[in-house]
Structure formats: structure tokens, C-alpha cells
Amino acid sequence: MTEEWRTSIDYPRYEVSNLGRVRIIKTGHISKSWINVEGYRIVHMEGPFRVGPEMVSKIVMHAFSMERPTAVCVRYRDGDKGNCRLDNLYYESISSKVQKQWDQGLYKKRITGNKFTSETGRAARLRRK
């Protein structure tokens with residue numbers, strides 16, 4: 001796959017490649033990225049509306065997709081959050097993402113409300129977590 005560069009929509013000083021790299025247009029310098037504690041590839045960006053860390057996958061999808069749907073998140077076909085190549089990324093609705101994670105057992109069932117305890121014989125109020 002040949003590398004194709006496009007100007008970032010949210011950060012006009014930067015270009016993003018389909019291989020998941022970010023560079024500064026003025027200097028041509030490739031921005032350094034890192035993996036955060038959750039496993040996502042992050043790069044520091046400076047734009048007219050926001051300055052700070054940004055997910056590379058989100059920047060790549062916004063630059064290369066013609067549509068920008070709402071209430072969706074960027075997902076990874078191979079499950080590797082550090083692989084930000086365009087051919088590995090796709091949009092998925094948040095509700096669909098949560099349902100898949102629930103089916104995979106990534107969410108634990110939480111008990112809320114009143115629960116009867118046999119030791120005390122009275123209702124114990126559980127806190128929401």
C-alpha cells in the first residue's frame with residue numbers, strides 16, 4: 001500500500017497518512033506518537049479549537065472518510081488499538097459497540113437498588129459504581 005497524505009480537518013497545520021502517521025505541513029516533520037495506558041495510539045496536536053493529545057485513529061478516519069456521522073466511534077478490525085492504518089479502521093455505532101462488548105463478557109453485571117441481606121435481616125442500600 002502506498003502512503004497517501006491528506007490535510008487534517010480539525011487540525012489544518014497537520015497532514016495524516018493512510019498508514020496512520022501524522023506530520024506537520026510546514027516542516028514535513030513526522031509527529032511522535034505513543035501508546036496510552038488503554039492501548040490507543042496518541043499524538044499531540046495543536047489546532048485552532050483544541051490543543052493536546054488526540055487519538056490517531058480518530059484523526060485518520062476524519063481525514064479520509066467523506067462522511068462524519070454522529071454517535072459513532074472508531075473501531076479496529078484486528079482488535080489492535082495501536083494499528084491506525086486506514087484499512088484497519090471503521091465506524092461503528094456506540095450501541096452496537098457496547099452490545100458486542102457485553103456479549104464478549106467485558107461488562108460485569110451490576111446490582112443496584114436494595115438487596116436483602118440474610119445476616120442483618122434488613123435491606124442494604126448498594127451504591128452505584
# chains A, B, ... in the order shown; residues from 1 in each chain; ligands from 1

call {"tool": "residues_around", "arguments": {"residues": "Arg23 of chain A", "least_positions_apart": "4", "cutoff": "10 Å", "atoms": "only C-alpha atoms", "output": "PyMOL selection string"}}
result
chain A and resi 5+7-8+13-17+27-32

call {"tool": "select_by_dssp", "arguments": {"residues": "segment 17-113 of chain A", "states": "strand (DSSP E)", "output": "list in words"}}
result
Ser17, Val22, Arg23, Ile24, Ser33, Trp34, Ile35, Arg41, Ile42, Val43, His44, Met45, Glu46, Val51, Gly52, Pro53, Glu54, Met55, Val72, Cys73, Val74, Arg75, Tyr76, Leu89, Tyr90, Tyr91, Glu92, Ser93 and Gly113 of chain A

call {"tool": "residues_around", "arguments": {"residues": "Ser65 of chain A", "least_positions_apart": "4", "cutoff": "10 Å", "atoms": "only C-alpha atoms", "output": "list in words"}}
result
Val60, Met61, Pro69, Leu86, Tyr90 and Tyr91 of chain A

call {"tool": "atom_distance", "arguments": {"atom1": "atom CA of Glu46 of chain A", "atom2": "atom CA of Tyr11 of chain A"}}
result
6.8 Å

call {"tool": "atom_distance", "arguments": {"atom1": "atom CA of Lys81 of chain A", "atom2": "atom CA of Asn18 of chain A"}}
result
15.3 Å

call {"tool": "atom_distance", "arguments": {"atom1": "atom CA of Val22 of chain A", "atom2": "atom CA of Arg68 of chain A"}}
result
19.6 Å

call {"tool": "residues_around", "arguments": {"residues": "Arg75 of chain A", "least_positions_apart": "2", "cutoff": "9 Å", "atoms": "only C-alpha atoms", "output": "ChimeraX atom specification"}}
result
/A:57,73,77,79,81,88-92,97
